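Below is one structure; the comments refer to it alone.
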Amino acid sequence: MTEPAKTRVRLVGVDLQDSEESRALIEAIEEDNPEANLRRMPGLVKIQSPHPLEIRRETVERHMGREWETHEFQMAIVSYAGNIDEWDDDRIVIKWQH
Amino acid sequence: MAKPKLSMRDRYRLLTRDLDWTPTYVDPRNVYPYTRYEGIKIHDWDAWEDPFRLTIDSYSKYQAEKDKKLYAVIDGFAQGQGHLSLTDARYINSLKLFLQGVTPLEYAAHRHFGYLARHLDGPGARFASLCQSIDELRHCQTEIHTISQYNKYYGGLHDFGKMHDRVWYLSVPKSFFDDGISAGPFEFLTAISFSFEYMLTNLLFVPFMSGASFNGDLATMTFGFSAQSDESRHMTLGLEVLKFILEQDEGNVPIVQDWVDKWFWRGYRLLGLVSAMMDYMLPRKIMSWKEAFELYFEQQMLEGLFPDLEYYGIRPPRHLDQAIAEKDTLSHQIYWILYSFSHAASFNTTVPNTEELDWMSQAYPDTFDRHYRPLWEKARAMQESGNRLFVRGLPTLCQVCQIPLGFSEPGDPATISVRTSHFRQERFNFCSDGCKWIFDREPEKYVQAWLPVHQIYQGNCGGASVPEVLNWYGIEDGVDNGEYLASRDKRAWDEWHAASVVGGR
């Protein structure tokens with residue numbers, strides 16, 4: 001049987017396509033979210049974190065070596081767990097609210 | 001000098017929210033007549049949030065890019081004879097189930113979100129619905145284009161639209177969606193956007209795409225990812241709509257709770273078909289249904305989402321404990337139903353090979369060796385002696401989910417669960433407490449169900465014999481149905497992979 005849920009940490013997360021273009025994005029997410037955990041599955045990368053997950057435009061641009069607008073995140077995202085708390089020109093934040 | 005670029009926030013305000021106006025010479029209640037009768041109270045549509053801050057220009061730009069990428073892959077796949085690189089032709093049966101069962105739902109979703117894009121009172125909600133309506137049409141089209149590659153070489157795919165309306169196992173997804181679109185707009189949003197798209201859709205798309213990737217189906221994997229990138233927007237719509245309704249009025253909470261209870265169970269029962277696909281229909285497995293359910297439902301939703309919703313007074317769905325208890329039995333029971341009735345299905349099934357049985361023994365240590373392995377070994381022995389099992393009678397269907405009664409009692413895998421209710425002097429049967437609870441809430445709705453078995457008995461399905469019904473379904477006996485090892489797909493596959501042949505066909 002399943003053990004009680006309350007003993008576990010609440011994770012937020014995002015699943016991204018495992019593609020050439022996502023590589024720099026994933027590196028940037030790892031840099032900005034050192035506690036995030038990566039799991040590779042066929043075709044996708046699952047990133048989970050016990051803290052709010054932040055995707056920062058500046059870090060992504062540095063890893064990509066080009067300009068990147070946060071809207072482009074739509075091209076890589078497969079799914080997520082949490083609440084999109086902020087999505088503006090500079091950053092995307094995924095967290096649980098309460 | 002270039003003008004300074006507007007921020008996302010300003011663009012969204014100007015291009016999406018600001019295009020609305022308040023009618024002055026028509027009563028707004030006549031402009032939006034459908035958003036009051038369900039009892040949901042909305043006081044301020046401006047409180048609607050769209051974290052994606054979508055505008056029509058950015059929407060079109062990124063969708064066009066997604067389509068370009070996808071069609072490049074589809075072309076490459078067709079030109080490179082990609083279908084020959086699959087793990088095994090048996091894999092294509094999961095595509096048959098998907099095309100017949102899911103693609104028509106994408107089209108139904110396109111239509112219904114189009115209706116919401118006209119009839120919701122707030123501009124933010126209408127625009128999000130409009131984008132989703134266009135997305136759903138794109139999904140329907142790209143799924144058809146992708147899977148049509150296989151229709152040139154394999155059976156079962158030729159008439160999925162008609163089959164969706166007629167064939168017994170497809171009444172499961174069809175009746176699920178019909179239930180949604182015949183509800184009011186807020187119930188539909190809770191049903192499809194929240195319960196299905198946010199809570200459950202990961203269990204359909206993520207394993208399906210990873211399964212495609214792992215089984216050499218590049219084209220399906222790519223459309224899956226392309227669709228799923230829209231799906232995260234749909235998930236956001238689902239979560240935002242739920243929080244919006246709950247924040248608007250306390251009186252909305254019990255109404256929404258009932259819908260969450262109902263639509264969790266409806267969606268979960270529908271996903272039973274996915275459980276069979278993951279554990280049995282993929283020649284190379286990615287993860288078990290049990291593991292996917294634990295990862296995507298128990299961990300992400302139960303432990304992540306529901307503590308957030310508790311703030312609004314929403315608790316985890318009713319009957320969830322039974323879904324959790326069933327994770328060890330669900331896929332085995334569903335695939336057994338598909339296996340034993342596949343003479344009347346537009347796909348092939350077969351007994352899992354020894355390697356697969358071993359994998360399932362490991363993935364399901366508490367149930368598989370005791371309850372299901374002996375069943376499959378017996379079925380294999382029957383098959384080897386020339387007596388492949390096909391159940392010739394017609395099964396009792398659940399009045400709500402329309403799946404044949406083949407699920408076991410919670411905690412007792414050896415006893416089939418049957419529940420009944422009486423309404424207007426008639427008896428109705430259900431597979432589970434969850435489906436019975438749904439019926440008892442709205443019996444007037446579910447007595448109208450189009451149950452395939454009853455329809456056959458009433459003479460509405462082409463005749464009383466199996467060949468007549470198959471003919472009415474559009475299933476060609478010996479080509480589209482039955483045992484995989486004896487199928488035309490298998491023969492063709494073996495021939496294409498036999499010793500090298502000069503020239504093509």
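The way I read the labels, and the way they are meant: chains A, B, ... in the order of the structure tokens, residue 1 as the first residue of every chain, and ligand 1 as the first ligand shown, with later ones counted on from there.
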Margin query: With only C-alpha atoms as the counted atoms, please give the residues lying no more than 12 Å from Asp321 in chain B, apart from itself and same-chain residues fewer than 3 positions off, as a count of residues only.
Written below: 18
Next item on the list: Could you list, as a list in words, the residues of chain B having an atom within 7 Å of chain A when counting only C-alpha atoms?
Entry: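 Putting it all together, I get Ser7, Met8, Arg9, Pro51, Phe52, Ser210, Ser213, Phe214, Phe225, Gln228, Ser229, Ser232, Gln300, Glu303, Gly304, Leu305, Asp308 and Tyr311 of chain B.
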Item checked: Computed interatomic separation between CA of Ser288 in chain B and CA of Met360 in chain B (Å) -> 8.1 Å
Notebook entry, point to check: Do you have the CA of Glu495 in chain B-CA of Val351 in chain B distance handy?
Noted result: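 So the two atoms, CA of Glu495 in chain B and CA of Val351 in chain B, lie 21.8 Å apart.
Between CA of His158 in chain B and CA of Leu95 in chain B there is a distance of 12.3 Å.
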Item checked: Within 8 Å of range 20-30 of chain A using only C-alpha atoms, minus same-chain residues under 3 positions, as a list of chain:residue names -> A:Leu16, A:Gln17, A:Asn33, A:Pro34, A:Ala36, A:Glu54, A:Ile55, A:Arg56, A:Thr59, A:Val60, A:His63, A:Met64, A:Ala76
Note to self: Among chain A, which residues does DSSP mark as helix (DSSP H, G or I) when it is run on the backbone? Keep the chain and numbering as in the structure and answer as a PyMOL selection string.
What the structure shows: chain A and resi 5-7+20-32+57-64+70-76
Please dump the current selection as an mmCIF file, in the first residue's frame; keep C-alpha atoms.
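As written to disk, result20.cif reads:
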data_model
loop_
_atom_site.group_PDB
_atom_site.id
_atom_site.type_symbol
_atom_site.label_atom_id
_atom_site.label_comp_id
_atom_site.auth_asym_id
_atom_site.auth_seq_id
_atom_site.Cartn_x
_atom_site.Cartn_y
_atom_site.Cartn_z
ATOM 1 C CA ALA A 5 1.632 11.606 1.401
ATOM 2 C CA LYS A 6 2.579 14.156 4.040
ATOM 3 C CA THR A 7 6.096 12.812 4.607
ATOM 4 C CA GLU A 20 19.401 20.447 -29.435
ATOM 5 C CA GLU A 21 17.692 23.763 -28.692
ATOM 6 C CA SER A 22 16.654 22.754 -25.192
ATOM 7 C CA ARG A 23 20.186 21.877 -24.148
ATOM 8 C CA ALA A 24 21.276 25.436 -23.374
ATOM 9 C CA LEU A 25 17.922 26.088 -21.731
ATOM 10 C CA ILE A 26 18.368 23.092 -19.444
ATOM 11 C CA GLU A 27 21.911 24.216 -18.556
ATOM 12 C CA ALA A 28 20.555 27.644 -17.656
ATOM 13 C CA ILE A 29 17.818 26.149 -15.479
ATOM 14 C CA GLU A 30 20.397 23.990 -13.708
ATOM 15 C CA GLU A 31 22.579 27.020 -13.061
ATOM 16 C CA ASP A 32 19.752 29.106 -11.620
ATOM 17 C CA ARG A 57 16.199 35.245 -19.665
ATOM 18 C CA GLU A 58 19.725 36.550 -18.995
ATOM 19 C CA THR A 59 21.065 33.149 -17.999
ATOM 20 C CA VAL A 60 19.385 31.440 -20.955
ATOM 21 C CA GLU A 61 20.826 34.035 -23.363
ATOM 22 C CA ARG A 62 24.312 33.539 -21.949
ATOM 23 C CA HIS A 63 24.070 29.766 -22.475
ATOM 24 C CA MET A 64 22.523 30.100 -25.922
ATOM 25 C CA THR A 70 10.639 34.171 -22.629
ATOM 26 C CA HIS A 71 7.746 33.396 -25.023
ATOM 27 C CA GLU A 72 10.140 30.947 -26.707
ATOM 28 C CA PHE A 73 9.873 28.740 -23.644
ATOM 29 C CA GLN A 74 6.599 27.536 -25.200
ATOM 30 C CA MET A 75 8.592 25.750 -27.882
ATOM 31 C CA ALA A 76 10.406 23.531 -25.395
#
Margin query: Set the distance at 9 Å and use only C-alpha atoms: which residues neighbour Ala108 in chain B once local chain neighbours fewer than 6 positions away are removed? I'd like the list as a PyMOL selection string.
Written below: chain B and resi 136-137+177-178+181
